[in-house]
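J.: Have a look at this one before I ask anything.
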Amino acid sequence: MREVRLMKGNEAIAEAAIRCGVDGYFGYPITPQSEVMETLMDLKPWETTGMEVLQAESEVASINMLYGGAGCGKKVMTSSSSPGISLMQEGLSYLAGAELPCVVVNVVRGGPGLGTIQPSQSDYFQSVRGGGHGDYNTIVLAPSSVQEMSDFVELAFDLAFKYRNPAIILSDGMIGQMMEKVEMKPFKKRWTNEEIEKYCPWATTGKKKDRERNIITSVELDSQVFESFNHKLVAKYRKMEEEEVRFESFQCEDADYIIVAYGSSARICQKSIDILRSKGIKAGLLRPITLFPFPKAELNSIADRVKGMLSVEMSTGQMVEDVRLAVEGKVKVEHFGRVGGMVHSPEEVVEALEQKIIGG
Amino acid sequence: MSIDINEIKKAENLVYKKSSVLTDKVMHYCPGCSHGAVNRIMAEVIEELDLQEETIGVTPVGCSVLLYNYIDIDWQEAAHGRAPALATAIKRLRPDKYVVTYQGDGDLAAIGTAETIHACNRGENIIMIFINNGIYGMTGGQMAPTTLEGMKSSTSPFGRDVARDGNPLNMTQIVASLPGTSYVTRQSVHTAAAARKMKRSLKKAFENQKNNKGTSFIEVVSTCSSGWKMTPAQSNKWMVENMFPSYPLGDLKDE
């Protein structure tokens with residue numbers, strides 16, 4: 001029987017984590033995502049699935065707790081919002097360098113600095129370009145509904161373990177705080193320690209007589225060896241680009257104009273498409289679901305048959321650069337978006353398309 | 001009369017042998033450095049307690065970053081100062097394993113101060129080994145949080161001036177005051193007798209973890225001949241005369 005509940009995006013993250021068999025959550029309070037840990041503490045999963053939930057002393061500690069747990073082959077996650085995610089960048093670089101799977105949820109708020117607690121999409125570059133030091137990428141999933149907040153937790157873990165790489169769920173304060181119907185997934189058992197030894201032979205599970213000791217590390221002092229390791233990492237990211245691109249297209253087939261938007265901005269833009277269509281303008285929406293890997297090939301192919309594209313994001317223009325790189329100059333690409341915690345209306349998007357692309 | 005080597009190599013004549021948990025890898029530590037002795041003691045304790053398959057270690061950033069090359073157990077290498085955060089998660093997710101962190105003074109008492117204090121305050125059921133030689137060894141001898149007043153380093157070339165550089169930090173005293181720690185001790189490895197006491201302390205710490213007693217914290221007042229620019233013998237003498245008065249050996253807490 002279907003189990004449908006009305007819940008906040010942040011609550012959906014917590015529920016999904018317990019249901020998909022997460023072993024540990026480590027976090028630190030920050031608006032607008034504190035409901036994730038509050039929900040977990042209320043649900044007391046340590047009494048049911050055995051999931052560990054710990055309020056850490058900082059985001060720095062949280063992300064390093066993820067490193068420790070992931071190093072043991074456990075499914076571990078944290079959630080935070082922009083300033084807290086900035087503090088986690090060192091740890092994310094170490095996790096990527098040590099090839100450890102984990103899930104980090106960023107319920108983005110406006111920056112820079114302490115900024116605002118209102119929604120924003122201004123952490124795009126930080127998420128899709130690595131974010132910390134060194135050449136690396138994280139898998140980035142962008143939910144645009146509470147249902148996807150729920151569904152993407154398990155998907156993020158599947159991808160993180162498939163590639164032994166951190167995965168980020170890039171949400172924002174709007175998706176985190178709003179309430180929608182969610183179809184709940186059934187409970188899955190957590191991996192046993194024996195299953196972990198089978199699925200994660202690299203994990204620190206206690207040295208066995210029949211194997212060499214396992215070492216989780218990102219240090220390599222021999223530059224030749226480390227160059228090869230960097231190439232190995234890049235090959236992994238290229239494989240993600242070949243196999244893991246996910247997007248949704250809405251009325252793109254006959255479109256003259258394309259709006260590219262993700263997350264909460266994509267929801268608004270769906271309404272803009274309706275308005276544009278009612279005015280006789282053939283517009284379509286391309287919603288990237290994975291921001292890394294980015295749907296480059298799809299956008300490049302669409303660029304062959306449209307007159308222009310508008311990248312609509314709640315930032316001063318970050319994803320627009322990836323759209324431009326993807327279309328290789330075939331069509332005009334412009335940016336529109338409100339910033340600083342302000343959210344654009346469907347009408348503002350229509351006006352921007354008309355002025356910057358159709359009339360521009 | 002010639003002596004047959006096999007006459008000597010008898011079980012009853014054995015006074016010392018290399019621990020089977022110690023690998024054959026040549027240690028990179030400088031002559032006179034305390035790390036080698038502490039690493040050896042760790043290997044011996046893990047072997048004697050038969051915990052090779054049960055122990056997960058966490059190495060720091062610093063001279064002992066490559067510690068995992070020497071002791072044949074599973075290891076995780078942490079970011080600078082974050083070993084207690086890793087260990088917290090490892091122990092909570094694998095309570096069936098023994099978890100040991102190993103950190104230097106810069107790692108544990110400067111950049112990792114928050115992680116150290118909070119892991120100890122939560123009473124994480126882990127062992128924390130703290131190598132205090134009053135200097136950043138790996139980066140070339142800079143001033144550490146534990147550098148003594150007047151002590152020279154590459155970033156306090158005229159000696160630590162507390163008015164300008166602040167005071168030496170006595171981290172072990174701080175963690176002893178926290179309710180989460182059950183055993184806090186300060187040891188050294190500069191003499192055979194001291195090394196034996198250190199070994200007893202480490203065994204006790206493993207015993208504490210077995211009995212879920214919370215955090216066991218062992219500071220090892222140590223030498224850094226290269227950083228101090230002394231011979232190994234001079235370093236030991238200097239440590240006894242200068243470090244021990246500020247960081248006196250013995251148990252600070254044993255509950």
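Residues are referred to by chain and number: the chain letter is A, B, ... according to the order shown in the structure tokens, the number counts from 1 in that chain, and ligands are numbered separately from 1 in the order shown.
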Pick out the chain B residues within 8 Å of chain A. Count only C-alpha atoms. Give them as a ChimeraX atom specification.
T.: /B:52-56,68,72-79,82,85-90,92-94,97,114-115,118
J.: Keeping N, CA and C atoms for every residue in the selection just given, could you write it to a file as a JSON list (two decimals), in the first residue's frame?
T.:
[["chain", "number", "residue", "atom", "x", "y", "z"],
["B", 52, "GLN", "N", 45.16, -6.99, 16.97],
["B", 52, "GLN", "CA", 45.53, -6.55, 15.62],
["B", 52, "GLN", "C", 44.32, -6.45, 14.70],
["B", 53, "GLU", "N", 43.42, -7.41, 14.81],
["B", 53, "GLU", "CA", 42.24, -7.42, 13.94],
["B", 53, "GLU", "C", 41.12, -6.55, 14.49],
["B", 54, "GLU", "N", 41.30, -6.09, 15.70],
["B", 54, "GLU", "CA", 40.21, -5.37, 16.38],
["B", 54, "GLU", "C", 40.46, -3.88, 16.49],
["B", 55, "THR", "N", 41.64, -3.42, 16.06],
["B", 55, "THR", "CA", 41.99, -2.02, 16.28],
["B", 55, "THR", "C", 41.98, -1.23, 14.98],
["B", 56, "ILE", "N", 41.36, -0.05, 15.02],
["B", 56, "ILE", "CA", 41.40, 0.88, 13.89],
["B", 56, "ILE", "C", 42.10, 2.15, 14.40],
["B", 68, "TYR", "N", 50.91, 4.82, 9.47],
["B", 68, "TYR", "CA", 50.25, 3.60, 8.97],
["B", 68, "TYR", "C", 51.19, 2.69, 8.21],
["B", 72, "ASP", "N", 50.88, -2.67, 11.64],
["B", 72, "ASP", "CA", 50.09, -3.47, 10.69],
["B", 72, "ASP", "C", 48.64, -3.66, 11.16],
["B", 73, "ILE", "N", 47.92, -2.53, 11.19],
["B", 73, "ILE", "CA", 46.48, -2.57, 11.48],
["B", 73, "ILE", "C", 45.79, -1.70, 10.43],
["B", 74, "ASP", "N", 44.46, -1.68, 10.41],
["B", 74, "ASP", "CA", 43.72, -0.78, 9.52],
["B", 74, "ASP", "C", 43.85, 0.65, 10.05],
["B", 75, "TRP", "N", 44.03, 1.58, 9.11],
["B", 75, "TRP", "CA", 44.26, 2.98, 9.49],
["B", 75, "TRP", "C", 43.41, 3.94, 8.67],
["B", 76, "GLN", "N", 43.12, 5.09, 9.27],
["B", 76, "GLN", "CA", 42.57, 6.21, 8.51],
["B", 76, "GLN", "C", 43.46, 7.42, 8.77],
["B", 77, "GLU", "N", 43.77, 8.14, 7.69],
["B", 77, "GLU", "CA", 44.61, 9.34, 7.83],
["B", 77, "GLU", "C", 43.69, 10.56, 7.81],
["B", 78, "ALA", "N", 43.74, 11.32, 8.90],
["B", 78, "ALA", "CA", 42.80, 12.44, 9.06],
["B", 78, "ALA", "C", 43.36, 13.75, 8.53],
["B", 79, "ALA", "N", 42.46, 14.70, 8.30],
["B", 79, "ALA", "CA", 42.89, 16.08, 8.03],
["B", 79, "ALA", "C", 43.49, 16.64, 9.32],
["B", 82, "ARG", "N", 41.77, 16.79, 12.93],
["B", 82, "ARG", "CA", 40.42, 16.22, 12.96],
["B", 82, "ARG", "C", 40.35, 14.76, 13.40],
["B", 85, "ALA", "N", 37.44, 13.67, 15.56],
["B", 85, "ALA", "CA", 36.13, 13.63, 14.88],
["B", 85, "ALA", "C", 35.99, 12.31, 14.12],
["B", 86, "LEU", "N", 37.05, 11.90, 13.42],
["B", 86, "LEU", "CA", 37.02, 10.62, 12.72],
["B", 86, "LEU", "C", 36.78, 9.50, 13.73],
["B", 87, "ALA", "N", 37.57, 9.55, 14.80],
["B", 87, "ALA", "CA", 37.51, 8.47, 15.79],
["B", 87, "ALA", "C", 36.12, 8.38, 16.43],
["B", 88, "THR", "N", 35.49, 9.54, 16.63],
["B", 88, "THR", "CA", 34.13, 9.58, 17.20],
["B", 88, "THR", "C", 33.19, 8.74, 16.34],
["B", 89, "ALA", "N", 33.23, 8.98, 15.03],
["B", 89, "ALA", "CA", 32.33, 8.26, 14.13],
["B", 89, "ALA", "C", 32.73, 6.80, 14.01],
["B", 90, "ILE", "N", 34.02, 6.53, 13.93],
["B", 90, "ILE", "CA", 34.47, 5.13, 13.79],
["B", 90, "ILE", "C", 33.99, 4.32, 14.98],
["B", 92, "ARG", "N", 31.60, 5.03, 17.18],
["B", 92, "ARG", "CA", 30.14, 4.94, 17.31],
["B", 92, "ARG", "C", 29.53, 3.99, 16.28],
["B", 93, "LEU", "N", 30.15, 3.91, 15.10],
["B", 93, "LEU", "CA", 29.61, 3.03, 14.06],
["B", 93, "LEU", "C", 30.21, 1.63, 14.14],
["B", 94, "ARG", "N", 31.37, 1.49, 14.77],
["B", 94, "ARG", "CA", 31.97, 0.17, 14.99],
["B", 94, "ARG", "C", 32.34, 0.02, 16.47],
["B", 97, "LYS", "N", 35.01, -2.41, 17.74],
["B", 97, "LYS", "CA", 36.44, -2.26, 17.47],
["B", 97, "LYS", "C", 37.08, -1.30, 18.50],
["B", 114, "ALA", "N", 39.16, 22.28, 19.10],
["B", 114, "ALA", "CA", 37.72, 22.05, 19.28],
["B", 114, "ALA", "C", 37.40, 20.56, 19.24],
["B", 115, "GLU", "N", 37.97, 19.86, 18.24],
["B", 115, "GLU", "CA", 37.69, 18.43, 18.10],
["B", 115, "GLU", "C", 38.20, 17.66, 19.32],
["B", 118, "HIS", "N", 35.92, 18.55, 22.49],
["B", 118, "HIS", "CA", 34.56, 18.01, 22.41],
["B", 118, "HIS", "C", 34.52, 16.48, 22.41]]
J.: A:Asp304: which residues within 12 Å, counting only C-alpha atoms, same-chain residues fewer than 5 positions away excluded, as a PyMOL selection string?
T.: chain A and resi 255-258+297-299+309+326-332
J.: Run DSSP on the backbone and give me the residues of stretch 203-249 of chain B it puts in alpha helix (DSSP H), as a ChimeraX atom specification.
T.: /B:203-210,225-228,232-238,244-246
J.: Where in stretch 45-283 of chain A does DSSP assign strand (DSSP E or B), given as a PyMOL selection string?
T.: chain A and resi 52-55+76-80+102-109+119+139-141+166-172+179-183+215-216+247-250+257-260+283
J.: For stretch 124-134 of chain A, work out the shell of residues within 8 Å, counting only C-alpha atoms and skipping chain neighbours fewer than 3 positions away, then give it as a short mmCIF file (atom, residue, chain, number, x, y, z; two decimals) with all heavy atoms, in the first residue's frame.
T.:
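Dumped everything to part10.cif:
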data_model
loop_
_atom_site.label_atom_id
_atom_site.label_comp_id
_atom_site.auth_asym_id
_atom_site.auth_seq_id
_atom_site.Cartn_x
_atom_site.Cartn_y
_atom_site.Cartn_z
N GLN A 89 34.35 22.38 3.27
CA GLN A 89 35.06 22.17 1.99
C GLN A 89 36.39 21.46 2.16
O GLN A 89 36.78 20.65 1.33
CB GLN A 89 35.23 23.50 1.25
CG GLN A 89 33.91 24.11 0.79
CD GLN A 89 33.07 23.18 -0.06
OE1 GLN A 89 33.59 22.39 -0.84
NE2 GLN A 89 31.76 23.23 0.10
N GLU A 90 37.11 21.75 3.24
CA GLU A 90 38.37 21.04 3.48
C GLU A 90 38.10 19.53 3.58
O GLU A 90 38.75 18.72 2.93
CB GLU A 90 39.01 21.52 4.78
CG GLU A 90 40.27 20.74 5.15
CD GLU A 90 40.59 20.77 6.64
OE1 GLU A 90 39.68 20.69 7.48
OE2 GLU A 90 41.78 20.85 6.96
N LEU A 92 35.53 17.85 2.47
CA LEU A 92 35.07 17.29 1.19
C LEU A 92 36.25 16.99 0.28
O LEU A 92 36.27 15.97 -0.42
CB LEU A 92 34.09 18.24 0.51
CG LEU A 92 32.65 18.11 1.00
CD1 LEU A 92 31.82 19.31 0.56
CD2 LEU A 92 32.01 16.82 0.51
N SER A 93 37.24 17.87 0.28
CA SER A 93 38.43 17.63 -0.53
C SER A 93 39.15 16.36 -0.05
O SER A 93 39.58 15.53 -0.86
CB SER A 93 39.37 18.84 -0.44
OG SER A 93 40.61 18.55 -1.04
N GLN A 121 20.42 30.24 -4.81
CA GLN A 121 21.12 29.18 -5.54
C GLN A 121 22.55 29.60 -5.82
O GLN A 121 23.14 29.22 -6.82
CB GLN A 121 20.36 28.87 -6.85
CG GLN A 121 18.97 28.27 -6.59
CD GLN A 121 18.22 27.92 -7.86
OE1 GLN A 121 18.20 28.71 -8.81
NE2 GLN A 121 17.60 26.75 -7.89
N ASN A 137 35.77 16.50 -8.29
CA ASN A 137 34.36 16.85 -8.44
C ASN A 137 33.52 16.03 -7.48
O ASN A 137 33.89 14.92 -7.11
CB ASN A 137 33.87 16.56 -9.87
CG ASN A 137 34.34 17.62 -10.85
OD1 ASN A 137 35.25 17.39 -11.65
ND2 ASN A 137 33.75 18.79 -10.79
N THR A 138 32.40 16.60 -7.11
CA THR A 138 31.41 15.83 -6.36
C THR A 138 30.19 15.64 -7.26
O THR A 138 29.96 16.44 -8.16
CB THR A 138 30.97 16.57 -5.08
OG1 THR A 138 30.51 17.87 -5.46
CG2 THR A 138 32.11 16.72 -4.11
N ILE A 139 29.46 14.56 -7.03
CA ILE A 139 28.20 14.35 -7.74
C ILE A 139 27.19 15.32 -7.14
O ILE A 139 27.10 15.42 -5.92
CB ILE A 139 27.72 12.89 -7.54
CG1 ILE A 139 28.76 11.91 -8.09
CG2 ILE A 139 26.34 12.66 -8.14
CD1 ILE A 139 28.73 10.54 -7.43
N VAL A 140 26.47 16.06 -7.97
CA VAL A 140 25.53 17.05 -7.44
C VAL A 140 24.13 16.80 -7.98
O VAL A 140 23.90 16.85 -9.19
CB VAL A 140 25.96 18.49 -7.79
CG1 VAL A 140 25.03 19.51 -7.13
CG2 VAL A 140 27.40 18.74 -7.38
N ILE A 168 26.47 15.38 -3.39
CA ILE A 168 25.80 16.52 -2.74
C ILE A 168 24.37 16.61 -3.23
O ILE A 168 24.11 16.45 -4.43
CB ILE A 168 26.57 17.83 -3.07
CG1 ILE A 168 27.92 17.81 -2.35
CG2 ILE A 168 25.76 19.05 -2.67
CD1 ILE A 168 28.79 18.99 -2.66
N LEU A 170 21.91 19.39 -3.67
CA LEU A 170 21.90 20.85 -3.66
C LEU A 170 20.45 21.34 -3.71
O LEU A 170 19.84 21.40 -4.77
CB LEU A 170 22.70 21.41 -4.83
CG LEU A 170 22.97 22.91 -4.78
CD1 LEU A 170 23.93 23.26 -3.65
CD2 LEU A 170 23.50 23.42 -6.11
N LEU A 291 23.68 18.40 -11.55
CA LEU A 291 24.41 19.63 -11.94
C LEU A 291 25.86 19.29 -12.22
O LEU A 291 26.52 19.93 -13.02
CB LEU A 291 24.29 20.67 -10.83
CG LEU A 291 22.84 21.12 -10.55
CD1 LEU A 291 22.80 22.09 -9.39
CD2 LEU A 291 22.20 21.73 -11.79
N PHE A 292 26.38 18.28 -11.53
CA PHE A 292 27.58 17.59 -11.99
C PHE A 292 27.28 16.11 -11.91
O PHE A 292 26.98 15.62 -10.83
CB PHE A 292 28.84 17.90 -11.16
CG PHE A 292 30.02 17.18 -11.80
CD1 PHE A 292 30.74 17.78 -12.80
CD2 PHE A 292 30.34 15.87 -11.44
CE1 PHE A 292 31.77 17.09 -13.44
CE2 PHE A 292 31.35 15.18 -12.08
CZ PHE A 292 32.07 15.79 -13.08
N GLN A 318 25.69 31.91 -12.39
CA GLN A 318 26.73 30.87 -12.24
C GLN A 318 26.50 29.75 -13.26
O GLN A 318 27.34 29.49 -14.11
CB GLN A 318 26.75 30.35 -10.80
CG GLN A 318 27.09 31.46 -9.80
CD GLN A 318 27.29 30.96 -8.38
OE1 GLN A 318 27.57 29.80 -8.13
NE2 GLN A 318 27.15 31.86 -7.41
N MET A 319 25.31 29.10 -13.20
CA MET A 319 25.05 28.01 -14.14
C MET A 319 25.10 28.49 -15.58
O MET A 319 25.42 27.72 -16.49
CB MET A 319 23.69 27.36 -13.84
CG MET A 319 23.41 26.16 -14.72
SD MET A 319 21.88 25.32 -14.30
CE MET A 319 20.68 26.53 -14.81
#
J.: Can you pull out the residues contacting stretch 155-168 of chain B? Cut-off 9 Å, using only C-alpha atoms, and skip same-chain residues under 4 positions away; I want them as a PyMOL selection string.
T.: chain B and resi 134+141-151
J.: If you count only C-alpha atoms, which residues fall within 12 Å of A:Cys252, apart from same-chain ones fewer than 6 positions away, as a list in words?
T.: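 Here the answer would be Ile258, Ile259, Val260, Gln270, Ile273, Arg277, Lys282, Ala283, Gly284, Leu285, Leu286, Arg287, Glu298, Leu299, Ser301, Ile302, Ala303, Arg305, Val306 and Met309 of chain A.
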